[in-house]
$ cat protein.pdb   # PDB, C-alpha atoms
ATOM      1  CA  MET A   1     -28.885  14.232  81.177
ATOM      2  CA  ALA A   2     -26.153  16.705  82.118
ATOM      3  CA  GLU A   3     -26.189  20.116  80.452
ATOM      4  CA  LEU A   4     -23.796  20.702  77.561
ATOM      5  CA  TYR A   5     -21.678  23.854  77.469
ATOM      6  CA  LEU A   6     -19.208  25.440  75.059
ATOM      7  CA  VAL A   7     -15.953  26.492  76.713
ATOM      8  CA  GLU A   8     -13.400  28.811  75.095
ATOM      9  CA  PHE A   9      -9.701  28.536  75.848
ATOM     10  CA  ARG A  10      -6.660  30.642  75.056
ATOM     11  CA  GLY A  11      -6.182  31.179  71.319
ATOM     12  CA  SER A  12      -9.954  31.043  70.618
ATOM     13  CA  ARG A  13      -9.954  27.243  70.903
ATOM     14  CA  LYS A  14     -13.464  25.996  71.731
ATOM     15  CA  GLU A  15     -14.624  22.638  73.063
ATOM     16  CA  PHE A  16     -17.804  21.075  74.457
ATOM     17  CA  PHE A  17     -18.056  19.945  78.081
ATOM     18  CA  TYR A  18     -20.790  18.380  80.201
ATOM     19  CA  ASN A  19     -21.930  19.826  83.517
ATOM     20  CA  SER A  20     -21.646  16.338  85.002
ATOM     21  CA  TYR A  21     -21.599  17.608  88.598
ATOM     22  CA  TYR A  22     -24.626  19.879  88.135
ATOM     23  CA  HIS A  23     -23.067  23.165  89.152
ATOM     24  CA  ASN A  24     -25.042  26.384  88.909
ATOM     25  CA  PHE A  25     -23.125  28.419  86.322
ATOM     26  CA  HIS A  26     -23.412  32.033  85.180
ATOM     27  CA  ILE A  27     -22.355  32.826  81.609
ATOM     28  CA  PRO A  28     -19.694  34.082  81.035
ATOM     29  CA  GLU A  29     -17.713  32.453  83.825
ATOM     30  CA  HIS A  30     -14.289  30.836  84.123
ATOM     31  CA  VAL A  31     -14.425  27.132  84.916
ATOM     32  CA  ILE A  32     -11.985  24.320  85.650
ATOM     33  CA  VAL A  33     -12.439  21.453  83.189
ATOM     34  CA  GLN A  34     -11.201  17.925  82.778
ATOM     35  CA  VAL A  35      -8.666  17.456  79.968
ATOM     36  CA  ASP A  36      -6.280  14.747  78.867
ATOM     37  CA  ARG A  37      -3.873  14.123  81.748
ATOM     38  CA  GLY A  38      -5.062  16.866  84.030
ATOM     39  CA  GLU A  39      -7.090  20.051  84.425
ATOM     40  CA  ASP A  40      -7.341  23.278  82.458
ATOM     41  CA  ILE A  41      -9.205  26.569  82.746
ATOM     42  CA  GLY A  42     -11.520  28.131  80.182
ATOM     43  CA  LEU A  43     -14.331  30.614  79.772
ATOM     44  CA  LEU A  44     -17.885  29.315  79.763
ATOM     45  CA  THR A  45     -19.469  31.029  76.732
ATOM     46  CA  MET A  46     -22.689  29.204  75.844
ATOM     47  CA  ARG A  47     -25.131  26.555  76.975
ATOM     48  CA  ILE A  48     -26.100  24.194  74.161
ATOM     49  CA  ASP A  49     -29.838  23.538  74.232
ATOM     50  CA  LYS A  50     -30.068  21.413  71.061
ATOM     51  CA  PRO A  51     -29.038  17.729  71.060
ATOM     52  CA  VAL A  52     -25.539  17.146  69.668
ATOM     53  CA  GLU A  53     -24.274  13.761  68.481
ATOM     54  CA  PHE A  54     -20.660  12.900  69.321
ATOM     55  CA  PRO A  55     -18.590   9.908  68.207
ATOM     56  CA  ASP A  56     -17.861   7.425  70.990
ATOM     57  CA  ASP A  57     -14.161   8.314  70.916
ATOM     58  CA  ALA A  58     -14.817  12.071  71.073
ATOM     59  CA  ARG A  59     -17.411  12.454  73.791
ATOM     60  CA  PRO A  60     -17.034  15.687  75.809
ATOM     61  CA  ARG A  61     -15.367  15.542  79.197
ATOM     62  CA  SER A  62     -16.708  17.191  82.362
ATOM     63  CA  ILE A  63     -16.630  20.644  83.889
ATOM     64  CA  LEU A  64     -15.174  20.069  87.331
ATOM     65  CA  ARG A  65     -16.123  23.320  89.090
ATOM     66  CA  PRO A  66     -16.374  27.093  88.754
ATOM     67  CA  ALA A  67     -13.050  28.923  89.073
ATOM     68  CA  ASN A  68     -12.493  30.562  92.466
ATOM     69  CA  PRO A  69     -10.451  33.714  93.269
ATOM     70  CA  ALA A  70      -7.317  31.626  93.911
ATOM     71  CA  ASP A  71      -7.692  30.046  90.468
ATOM     72  CA  MET A  72      -7.948  33.450  88.825
ATOM     73  CA  GLN A  73      -4.796  34.630  90.604
ATOM     74  CA  HIS A  74      -2.990  31.508  89.424
ATOM     75  CA  LEU A  75      -4.214  32.172  85.871
ATOM     76  CA  GLU A  76      -2.780  35.690  85.959
ATOM     77  CA  VAL A  77       0.600  34.337  87.103
ATOM     78  CA  LEU A  78       0.436  31.688  84.373
ATOM     79  CA  ARG A  79      -0.158  34.273  81.617
ATOM     80  CA  LYS A  80       2.930  36.218  82.752
ATOM     81  CA  LYS A  81       4.987  33.032  82.703
ATOM     82  CA  GLU A  82       3.831  32.264  79.166
ATOM     83  CA  LYS A  83       5.298  35.559  77.942
ATOM     84  CA  ASP A  84       8.626  34.773  79.615
ATOM     85  CA  TYR A  85       8.627  31.215  78.264
ATOM     86  CA  ARG A  86       7.961  32.484  74.735
ATOM     87  CA  ALA A  87      11.051  34.703  74.822
ATOM     88  CA  GLU A  88      13.144  31.795  76.174
ATOM     89  CA  ILE A  89      11.879  29.385  73.510
ATOM     90  CA  VAL A  90      12.662  31.889  70.751
ATOM     91  CA  SER A  91      16.248  32.018  72.055
ATOM     92  CA  MET A  92      16.417  28.214  72.091
ATOM     93  CA  ILE A  93      15.196  28.039  68.495
ATOM     94  CA  GLU A  94      17.826  30.541  67.406
ATOM     95  CA  GLY A  95      20.467  28.487  69.219
ATOM     96  CA  HIS A  96      19.447  25.380  67.277
ATOM     97  CA  GLY A  97      19.220  27.337  64.006
ATOM     98  CA  LEU A  98      15.725  26.079  63.235
ATOM     99  CA  PRO A  99      13.627  27.791  60.504
ATOM    100  CA  MET A 100      10.475  28.262  62.574
ATOM    101  CA  LYS A 101       8.539  31.147  64.119
ATOM    102  CA  VAL A 102       6.942  30.909  67.550
ATOM    103  CA  VAL A 103       3.345  32.107  67.347
ATOM    104  CA  ASP A 104       2.203  31.473  70.906
ATOM    105  CA  VAL A 105       2.992  29.535  74.078
ATOM    106  CA  GLU A 106       0.263  28.030  76.239
ATOM    107  CA  CYS A 107       0.613  26.415  79.666
ATOM    108  CA  GLN A 108      -1.984  23.973  80.905
ATOM    109  CA  PHE A 109      -3.590  25.229  84.121
ATOM    110  CA  ASP A 110      -2.233  22.419  86.306
ATOM    111  CA  GLY A 111       1.270  22.726  84.830
ATOM    112  CA  ASN A 112       1.234  19.223  83.329
ATOM    113  CA  LYS A 113       1.830  20.412  79.761
ATOM    114  CA  LEU A 114       3.424  23.279  77.847
ATOM    115  CA  THR A 115       2.442  23.764  74.207
ATOM    116  CA  ALA A 116       4.399  25.938  71.791
ATOM    117  CA  PHE A 117       2.597  26.837  68.566
ATOM    118  CA  PHE A 118       4.837  27.663  65.627
ATOM    119  CA  SER A 119       4.694  28.269  61.890
ATOM    120  CA  ALA A 120       7.219  27.152  59.290
ATOM    121  CA  ASP A 121       7.397  26.803  55.519
ATOM    122  CA  HIS A 122       8.411  23.125  55.730
ATOM    123  CA  ARG A 123       8.625  20.249  58.196
ATOM    124  CA  VAL A 124      11.086  20.931  61.003
ATOM    125  CA  ASP A 125      13.164  18.395  62.951
ATOM    126  CA  PHE A 126      12.785  19.797  66.467
ATOM    127  CA  ARG A 127      13.645  16.703  68.516
ATOM    128  CA  ALA A 128      16.742  18.291  70.047
ATOM    129  CA  LEU A 129      14.719  21.416  70.876
ATOM    130  CA  VAL A 130      12.072  19.339  72.681
ATOM    131  CA  LYS A 131      14.771  17.715  74.825
ATOM    132  CA  ASP A 132      16.116  21.117  75.848
ATOM    133  CA  MET A 133      12.624  22.394  76.631
ATOM    134  CA  ALA A 134      11.766  19.318  78.694
ATOM    135  CA  ALA A 135      14.973  19.730  80.722
ATOM    136  CA  ARG A 136      14.250  23.435  81.252
ATOM    137  CA  TYR A 137      10.546  23.306  82.139
ATOM    138  CA  ARG A 138      10.260  19.834  83.695
ATOM    139  CA  THR A 139       6.867  19.105  82.156
ATOM    140  CA  ARG A 140       5.299  17.476  79.131
ATOM    141  CA  ILE A 141       6.270  19.419  75.979
ATOM    142  CA  GLU A 142       4.233  19.682  72.783
ATOM    143  CA  LEU A 143       5.341  21.588  69.684
ATOM    144  CA  ARG A 144       2.485  22.108  67.252
ATOM    145  CA  GLN A 145       2.940  23.447  63.737
ATOM    146  CA  ILE A 146      -0.044  25.536  62.586
ATOM    147  CA  GLY A 147      -1.072  27.204  59.334
ATOM    148  CA  VAL A 148      -1.665  30.884  58.650
ATOM    149  CA  ARG A 149      -5.401  30.689  59.429
ATOM    150  CA  ASP A 150      -4.778  29.162  62.845
ATOM    151  CA  GLU A 151      -2.020  31.709  63.424
ATOM    152  CA  ALA A 152      -4.462  34.566  62.807
ATOM    153  CA  ARG A 153      -6.971  32.888  65.126
ATOM    154  CA  ARG A 154      -4.476  32.634  67.988
ATOM    155  CA  ILE A 155      -3.210  36.198  67.556
ATOM    156  CA  GLY A 156      -6.705  37.690  67.189
ATOM    157  CA  GLY A 157      -7.724  40.937  65.558
ATOM    158  CA  TYR A 158     -10.432  42.703  63.565
ATOM    159  CA  GLY A 159     -11.439  42.275  59.944
ATOM    160  CA  ILE A 160     -11.935  44.916  57.264
ATOM    161  CA  CYS A 161     -15.611  44.982  58.316
ATOM    162  CA  GLY A 162     -14.569  46.420  61.681
ATOM    163  CA  ARG A 163     -15.802  43.394  63.602
ATOM    164  CA  ARG A 164     -13.849  40.727  65.491
ATOM    165  CA  GLN A 165     -12.419  38.088  63.154
ATOM    166  CA  CYS A 166     -14.883  35.306  62.380
ATOM    167  CA  CYS A 167     -12.317  32.692  63.450
ATOM    168  CA  ASN A 168     -12.130  34.337  66.896
ATOM    169  CA  SER A 169     -15.868  34.614  67.380
ATOM    170  CA  PHE A 170     -18.127  31.847  66.086
ATOM    171  CA  ILE A 171     -16.286  29.669  63.553
ATOM    172  CA  ARG A 172     -15.105  26.436  65.200
ATOM    173  CA  ALA A 173     -13.579  24.677  62.159
ATOM    174  CA  PHE A 174     -12.121  26.065  58.944
ATOM    175  CA  GLU A 175     -13.821  24.996  55.721
ATOM    176  CA  PRO A 176     -12.398  25.170  52.180
ATOM    177  CA  ILE A 177     -12.870  28.573  50.534
ATOM    178  CA  SER A 178     -12.366  29.266  46.829
ATOM    179  CA  THR A 179     -12.450  32.316  44.594
ATOM    180  CA  GLN A 180     -15.686  30.907  43.177
ATOM    181  CA  HIS A 181     -17.376  32.065  46.395
ATOM    182  CA  ALA A 182     -16.198  35.621  45.625
ATOM    183  CA  ARG A 183     -17.413  35.379  42.025
ATOM    184  CA  GLU A 184     -20.846  34.219  43.191
ATOM    185  CA  GLN A 185     -21.057  37.433  45.244
ATOM    186  CA  ASP A 186     -19.937  39.644  42.313
ATOM    187  CA  LEU A 187     -16.851  40.819  44.201
ATOM    188  CA  PRO A 188     -13.755  42.193  42.446
ATOM    189  CA  LEU A 189     -10.953  39.623  42.550
ATOM    190  CA  ASN A 190      -8.636  42.038  44.277
ATOM    191  CA  PRO A 191      -6.597  40.380  47.077
ATOM    192  CA  ALA A 192      -6.841  43.540  49.202
ATOM    193  CA  LYS A 193     -10.656  43.263  49.132
ATOM    194  CA  ILE A 194     -11.199  39.521  49.537
ATOM    195  CA  SER A 195      -8.386  38.383  51.866
ATOM    196  CA  GLY A 196      -8.261  38.540  55.651
ATOM    197  CA  ASN A 197      -5.521  39.193  58.188
ATOM    198  CA  CYS A 198      -4.192  35.678  57.548
ATOM    199  CA  GLY A 199      -3.484  36.515  53.901
ATOM    200  CA  ARG A 200      -6.052  33.951  52.724
ATOM    201  CA  LEU A 201      -9.599  34.321  51.467
ATOM    202  CA  LEU A 202     -12.083  35.843  53.924
ATOM    203  CA  CYS A 203     -14.027  33.282  55.963
ATOM    204  CA  CYS A 204     -17.248  35.242  55.357
ATOM    205  CA  LEU A 205     -17.023  34.446  51.628
ATOM    206  CA  ARG A 206     -17.870  30.870  52.525
ATOM    207  CA  TYR A 207     -20.841  31.244  54.832
ATOM    208  CA  GLU A 208     -22.384  34.262  53.061
ATOM    209  CA  ALA A 209     -22.366  32.656  49.595
ATOM    210  CA  PRO A 210     -25.608  30.616  50.090
ATOM    211  CA  MET A 211     -27.538  33.809  50.892
ATOM    212  CA  TYR A 212     -26.385  35.385  47.621
ATOM    213  CA  LEU A 213     -27.171  32.277  45.572
ATOM    214  CA  ASP A 214     -30.603  31.866  47.156
ATOM    215  CA  CYS A 215     -31.516  35.473  46.395
ATOM    216  CA  LYS A 216     -30.216  35.313  42.815
ATOM    217  CA  ARG A 217     -32.212  32.148  42.087
ATOM    218  CA  ARG A 218     -35.461  34.000  42.820
ATOM    219  CA  PHE A 219     -34.833  36.603  40.112
ATOM    220  CA  PRO A 220     -34.213  36.483  36.355
ATOM    221  CA  LYS A 221     -30.585  37.131  35.395
ATOM    222  CA  PRO A 222     -29.364  40.711  34.868
ATOM    223  CA  GLY A 223     -30.018  41.754  31.290
ATOM    224  CA  SER A 224     -33.398  39.979  31.174
ATOM    225  CA  SER A 225     -36.339  41.922  29.783
ATOM    226  CA  VAL A 226     -39.205  41.691  32.285
ATOM    227  CA  LYS A 227     -42.739  42.841  32.893
ATOM    228  CA  THR A 228     -43.606  43.926  36.420
ATOM    229  CA  LYS A 229     -46.409  45.597  38.342
ATOM    230  CA  GLN A 230     -44.422  48.847  38.250
ATOM    231  CA  GLY A 231     -43.744  48.661  34.510
ATOM    232  CA  ASP A 232     -41.551  46.997  31.883
ATOM    233  CA  GLY A 233     -37.781  47.137  31.665
ATOM    234  CA  ILE A 234     -34.429  45.377  31.795
ATOM    235  CA  ILE A 235     -32.907  44.064  35.003
ATOM    236  CA  ASP A 236     -29.761  46.032  35.698
ATOM    237  CA  ARG A 237     -28.673  44.225  38.886
ATOM    238  CA  ILE A 238     -29.922  42.363  41.938
ATOM    239  CA  ASP A 239     -29.799  44.188  45.288
ATOM    240  CA  ILE A 240     -29.021  41.221  47.535
ATOM    241  CA  PHE A 241     -29.394  42.976  50.874
ATOM    242  CA  ASN A 242     -32.827  44.449  50.087
ATOM    243  CA  GLU A 243     -33.837  41.370  48.034
ATOM    244  CA  GLU A 244     -34.934  43.539  45.102
ATOM    245  CA  ALA A 245     -34.233  43.777  41.387
ATOM    246  CA  VAL A 246     -33.040  47.149  40.112
ATOM    247  CA  ILE A 247     -34.703  47.678  36.726
ATOM    248  CA  ILE A 248     -34.271  50.330  34.056
ATOM    249  CA  SER A 249     -37.537  51.046  32.259
ATOM    250  CA  HIS A 250     -37.849  50.752  28.467
ATOM    251  CA  GLU A 251     -39.519  54.109  27.925
ATOM    252  CA  GLU A 252     -38.496  56.642  30.556
ATOM    253  CA  ARG A 253     -34.983  55.139  30.979
ATOM    254  CA  VAL A 254     -35.262  55.568  34.739
ATOM    255  CA  PHE A 255     -34.492  53.052  37.462
ATOM    256  CA  PHE A 256     -37.078  51.444  39.699
ATOM    257  CA  ARG A 257     -37.093  48.510  42.108
ATOM    258  CA  CYS A 258     -39.318  45.506  42.583
ATOM    259  CA  GLN A 259     -39.410  42.246  44.509
ATOM    260  CA  ASP A 260     -39.438  38.807  42.905
ATOM    261  CA  ARG A 261     -43.181  38.343  43.435
ATOM    262  CA  ASP A 262     -43.877  41.507  41.393
ATOM    263  CA  ILE A 263     -42.211  40.113  38.237
ATOM    264  CA  TYR A 264     -44.825  38.218  36.229
ATOM    265  CA  GLU A 265     -43.195  37.731  32.815
ATOM    266  CA  VAL A 266     -39.674  37.332  31.434
ATOM    267  CA  GLU A 267     -39.008  37.940  27.735
ATOM    268  CA  GLY A 268     -36.094  36.733  25.636
ATOM    269  CA  GLU A 269     -32.616  35.598  26.597
ATOM    270  CA  PRO A 270     -30.759  37.651  29.223
ATOM    271  CA  VAL A 271     -27.919  39.833  28.015
ATOM    272  CA  GLU A 272     -25.382  41.035  30.578
ATOM    273  CA  PRO A 273     -25.593  44.833  30.691
ATOM    274  CA  GLN A 274     -22.328  46.561  29.831
ATOM    275  CA  ARG A 275     -21.916  48.965  32.699
ATOM    276  CA  PRO A 276     -18.732  50.963  33.282
ATOM    277  CA  ARG A 277     -16.648  49.418  36.038
ATOM    278  CA  THR A 278     -16.366  51.323  39.269
ATOM    279  CA  ALA A 279     -13.009  52.344  40.663
ATOM    280  CA  GLU A 280     -13.323  49.572  43.249
ATOM    281  CA  ALA A 281     -14.075  46.885  40.684
ATOM    282  CA  ALA A 282     -11.306  48.151  38.466
ATOM    283  CA  GLY A 283      -8.713  47.738  41.219
ATOM    284  CA  GLU A 284      -5.739  45.516  40.654
ATOM    285  CA  GLU A 285      -7.206  42.059  40.107
ATOM    286  CA  ALA A 286      -4.819  39.219  40.826
ATOM    287  CA  SER A 287      -3.684  36.614  38.334
ATOM    288  CA  GLU A 288      -5.103  33.078  38.552
ATOM    289  CA  GLU A 289      -1.834  31.930  40.113
ATOM    290  CA  ASP A 290      -2.030  34.581  42.853
ATOM    291  CA  LEU A 291      -5.689  33.779  43.463
ATOM    292  CA  LYS A 292      -4.815  30.110  43.974
ATOM    293  CA  LYS A 293      -2.364  31.141  46.694
ATOM    294  CA  LEU A 294      -5.219  32.876  48.534
ATOM    295  CA  GLU A 295      -7.105  29.582  48.629
ATOM    296  CA  GLY A 296      -4.260  27.677  50.310
ATOM    297  CA  GLU A 297      -3.874  26.867  53.983
TER     298      GLU A 297
END

$ encode --input "protein.pdb" --output "structure tokens"
Amino acid sequence: MAELYLVEFRGSRKEFFYNSYYHNFHIPEHVIVQVDRGEDIGLLTMRIDKPVEFPDDARPRSILRPANPADMQHLEVLRKKEKDYRAEIVSMIEGHGLPMKVVDVECQFDGNKLTAFFSADHRVDFRALVKDMAARYRTRIELRQIGVRDEARRIGGYGICGRRQCCNSFIRAFEPISTQHAREQDLPLNPAKISGNCGRLLCCLRYEAPMYLDCKRRFPKPGSSVKTKQGDGIIDRIDIFNEEAVIISHEERVFFRCQDRDIYEVEGEPVEPQRPRTAEAAGEEASEEDLKKLEGE
């Protein structure tokens, strides 16, 4: 069985390919791959060691060969052309008076296709524009409308955490994200704190939520009166990252910490402690209508 690899293309697009010709690759390395109606170039980023099931109509194509110095020179020329083409296409759009914004332009490595990615508030009739582009570039033209999340992925950038955007690093497909994920993590519903560069909810809210829920399930709810090896008290909060309960003792009124295995008795119904809100939590929280906009595409 041929090895399976993950190849990344321009705009953080990732696809699987088989090493059908059994080349000896070194990761990371640029490779020429088989695509619909031609060849393209991408960066080999990972070898997949676990079995992956693919539908019959979506089986990965083949990696044809490693990129050679001539290929890399051609790629550099291609990237310069893409910048020039983008400026020309913007002028064409203005000439047609179309309400659309060009996000990126991508040329297939063999020149058999030119794709222009754009964003728009509504559907756009760009048939006349496609005719002009086909006459100008003499190749197959594709205009693809994308949403704000895909726009942020193609542009790239860094999140408020200081790391590369999740959509540019390891996320392959966007999943639905709701404000409920933020609530489960006890985050203030402040758009500045829970939205990414795309203006929508942070991707990390989705994949980090199970960790929070799993940790919370192992502890009584805040406000519960508990007995522990370290003493008795009321749970003030759950420290998710250290997987500990922060407890205020009944007698000394001091805080101490304990793990879930050290709690051996829970008394009474939990009552949410009324703690003063921090400046961060008291920031401008959005209305339900504004929060719904953060959940959109």

$ resolve_selection --input "protein.pdb" --expression "the PyMOL selection byres ((chain A and resi 201-217) around 8)" --output "ChimeraX atom specification"
/A:166-167,175-179,181-182,184-185,194-196,199-200,218-221,238,240,243,294-295

$ atom_distance --input "protein.pdb" --atom1 "atom CA of Asp84 of chain A" --atom2 "atom CA of Asn197 of chain A"
26.1 Å

$ resolve_selection --input "protein.pdb" --expression "the PyMOL selection byres ((chain A and resi 31) around 6)" --output "PDB file with C-alpha atoms, keeping the file's coordinate frame"
ATOM      1  CA  HIS A  30     -14.289  30.836  84.123  1.00  0.00           C
ATOM      2  CA  ILE A  32     -11.985  24.320  85.650  1.00  0.00           C
ATOM      3  CA  ILE A  41      -9.205  26.569  82.746  1.00  0.00           C
ATOM      4  CA  GLY A  42     -11.520  28.131  80.182  1.00  0.00           C
ATOM      5  CA  ARG A  65     -16.123  23.320  89.090  1.00  0.00           C
ATOM      6  CA  PRO A  66     -16.374  27.093  88.754  1.00  0.00           C
ATOM      7  CA  ALA A  67     -13.050  28.923  89.073  1.00  0.00           C
TER       8      ALA A  67
END

$ residues_around --input "protein.pdb" --residues "Val124 of chain A" --least-positions-apart "3" --cutoff "8 Å" --atoms "all atoms listed in the file" --output "PDB file with C-alpha atoms, in the coordinates of the input"
ATOM      1  CA  LEU A  98      15.725  26.079  63.235  1.00  0.00           C
ATOM      2  CA  PRO A  99      13.627  27.791  60.504  1.00  0.00           C
ATOM      3  CA  MET A 100      10.475  28.262  62.574  1.00  0.00           C
ATOM      4  CA  ALA A 120       7.219  27.152  59.290  1.00  0.00           C
TER       5      ALA A 120
END

$ closest_residue --input "protein.pdb" --among "A:Arg153, A:Arg253, A:Arg261, A:Lys292" --to "Ser12 of chain A" --atoms "all atoms listed in the file"
A:Arg153

$ resolve_selection --input "protein.pdb" --expression "the PyMOL selection byres ((chain A and resi 155) around 12)" --output "ChimeraX atom specification"
/A:10-13,102-105,117-118,148-154,156-158,164-165,167-168,197-198

$ closest_residue --input "protein.pdb" --among "A:Glu88, A:Arg79, A:Arg37, A:Asp125" --to "Cys107 of chain A" --atoms "only C-alpha atoms"
A:Arg79

$ atom_distance --input "protein.pdb" --atom1 "atom CA of Gly159 of chain A" --atom2 "atom CA of Thr45 of chain A"
21.7 Å

$ atom_distance --input "protein.pdb" --atom1 "atom CA of Val226 of chain A" --atom2 "atom CA of Ile263 of chain A"
6.9 Å

$ closest_atom_pairs --input "protein.pdb" --of "segment 11-34 of chain A" --to "segment 58-63 of chain A" --cutoff "7 Å" --atoms "only C-alpha atoms" --output "CSV"
residue,atom,partner,partner_atom,distance
A:Phe16,CA,A:Pro60,CA,5.6
A:Phe17,CA,A:Pro60,CA,4.9
A:Tyr18,CA,A:Ser62,CA,4.8
A:Asn19,CA,A:Ile63,CA,5.4
A:Ser20,CA,A:Ser62,CA,5.7
A:Val31,CA,A:Ile63,CA,6.9
A:Ile32,CA,A:Ile63,CA,6.2
A:Val33,CA,A:Ile63,CA,4.3
A:Gln34,CA,A:Ser62,CA,5.6

$ closest_residue --input "protein.pdb" --among "A:Ile160, A:Val254, A:Ala87, A:Met46" --to "Gln230 of chain A" --atoms "all atoms listed in the file"
A:Val254

$ closest_residue --input "protein.pdb" --among "A:Arg172, A:Lys113, A:His74, A:Arg183" --to "Arg140 of chain A" --atoms "all atoms listed in the file"
A:Lys113

$ closest_residue --input "protein.pdb" --among "A:Met1, A:Ala116, A:Val90, A:Cys258" --to "Gln145 of chain A" --atoms "all atoms listed in the file"
A:Ala116

$ closest_residue --input "protein.pdb" --among "A:Pro191, A:Tyr22, A:Glu76, A:Gly231" --to "Glu289 of chain A" --atoms "only C-alpha atoms"
A:Pro191

$ decode --input "protein.pdb" --residues "segment 142-158 of chain A" --atoms "N, CA and C atoms" --output "PDB file, in the first residue's frame"
ATOM      1  N   GLU A 142     -12.024  30.195 -12.805  1.00  0.00           N
ATOM      2  CA  GLU A 142     -12.971  29.846 -11.744  1.00  0.00           C
ATOM      3  C   GLU A 142     -13.055  31.012 -10.760  1.00  0.00           C
ATOM      4  N   LEU A 143     -14.269  31.489 -10.531  1.00  0.00           N
ATOM      5  CA  LEU A 143     -14.519  32.504  -9.506  1.00  0.00           C
ATOM      6  C   LEU A 143     -15.235  31.818  -8.352  1.00  0.00           C
ATOM      7  N   ARG A 144     -14.649  31.908  -7.167  1.00  0.00           N
ATOM      8  CA  ARG A 144     -15.199  31.190  -6.020  1.00  0.00           C
ATOM      9  C   ARG A 144     -15.509  32.165  -4.892  1.00  0.00           C
ATOM     10  N   GLN A 145     -16.788  32.224  -4.519  1.00  0.00           N
ATOM     11  CA  GLN A 145     -17.199  33.082  -3.416  1.00  0.00           C
ATOM     12  C   GLN A 145     -16.951  32.357  -2.094  1.00  0.00           C
ATOM     13  N   ILE A 146     -16.292  33.025  -1.154  1.00  0.00           N
ATOM     14  CA  ILE A 146     -15.955  32.413   0.133  1.00  0.00           C
ATOM     15  C   ILE A 146     -16.489  33.277   1.267  1.00  0.00           C
ATOM     16  N   GLY A 147     -16.651  32.645   2.433  1.00  0.00           N
ATOM     17  CA  GLY A 147     -17.124  33.356   3.620  1.00  0.00           C
ATOM     18  C   GLY A 147     -15.972  33.985   4.391  1.00  0.00           C
ATOM     19  N   VAL A 148     -16.314  34.640   5.494  1.00  0.00           N
ATOM     20  CA  VAL A 148     -15.306  35.389   6.252  1.00  0.00           C
ATOM     21  C   VAL A 148     -14.282  34.461   6.909  1.00  0.00           C
ATOM     22  N   ARG A 149     -14.689  33.255   7.291  1.00  0.00           N
ATOM     23  CA  ARG A 149     -13.724  32.322   7.893  1.00  0.00           C
ATOM     24  C   ARG A 149     -12.690  31.872   6.866  1.00  0.00           C
ATOM     25  N   ASP A 150     -13.167  31.536   5.670  1.00  0.00           N
ATOM     26  CA  ASP A 150     -12.229  31.134   4.616  1.00  0.00           C
ATOM     27  C   ASP A 150     -11.356  32.304   4.182  1.00  0.00           C
ATOM     28  N   GLU A 151     -11.913  33.514   4.235  1.00  0.00           N
ATOM     29  CA  GLU A 151     -11.118  34.693   3.891  1.00  0.00           C
ATOM     30  C   GLU A 151      -9.955  34.863   4.862  1.00  0.00           C
ATOM     31  N   ALA A 152     -10.242  34.706   6.161  1.00  0.00           N
ATOM     32  CA  ALA A 152      -9.184  34.809   7.169  1.00  0.00           C
ATOM     33  C   ALA A 152      -8.154  33.705   6.992  1.00  0.00           C
ATOM     34  N   ARG A 153      -8.609  32.520   6.596  1.00  0.00           N
ATOM     35  CA  ARG A 153      -7.674  31.408   6.369  1.00  0.00           C
ATOM     36  C   ARG A 153      -6.730  31.720   5.217  1.00  0.00           C
ATOM     37  N   ARG A 154      -7.246  32.258   4.126  1.00  0.00           N
ATOM     38  CA  ARG A 154      -6.406  32.536   2.963  1.00  0.00           C
ATOM     39  C   ARG A 154      -5.432  33.681   3.227  1.00  0.00           C
ATOM     40  N   ILE A 155      -5.888  34.685   3.984  1.00  0.00           N
ATOM     41  CA  ILE A 155      -5.019  35.831   4.271  1.00  0.00           C
ATOM     42  C   ILE A 155      -3.949  35.457   5.287  1.00  0.00           C
ATOM     43  N   GLY A 156      -4.332  34.643   6.294  1.00  0.00           N
ATOM     44  CA  GLY A 156      -3.383  34.245   7.334  1.00  0.00           C
ATOM     45  C   GLY A 156      -3.285  35.289   8.429  1.00  0.00           C
ATOM     46  N   GLY A 157      -2.581  34.939   9.488  1.00  0.00           N
ATOM     47  CA  GLY A 157      -2.407  35.872  10.595  1.00  0.00           C
ATOM     48  C   GLY A 157      -2.248  35.143  11.913  1.00  0.00           C
ATOM     49  N   TYR A 158      -2.260  35.912  12.999  1.00  0.00           N
ATOM     50  CA  TYR A 158      -2.069  35.373  14.345  1.00  0.00           C
ATOM     51  C   TYR A 158      -3.259  35.748  15.213  1.00  0.00           C
TER      52      TYR A 158
END
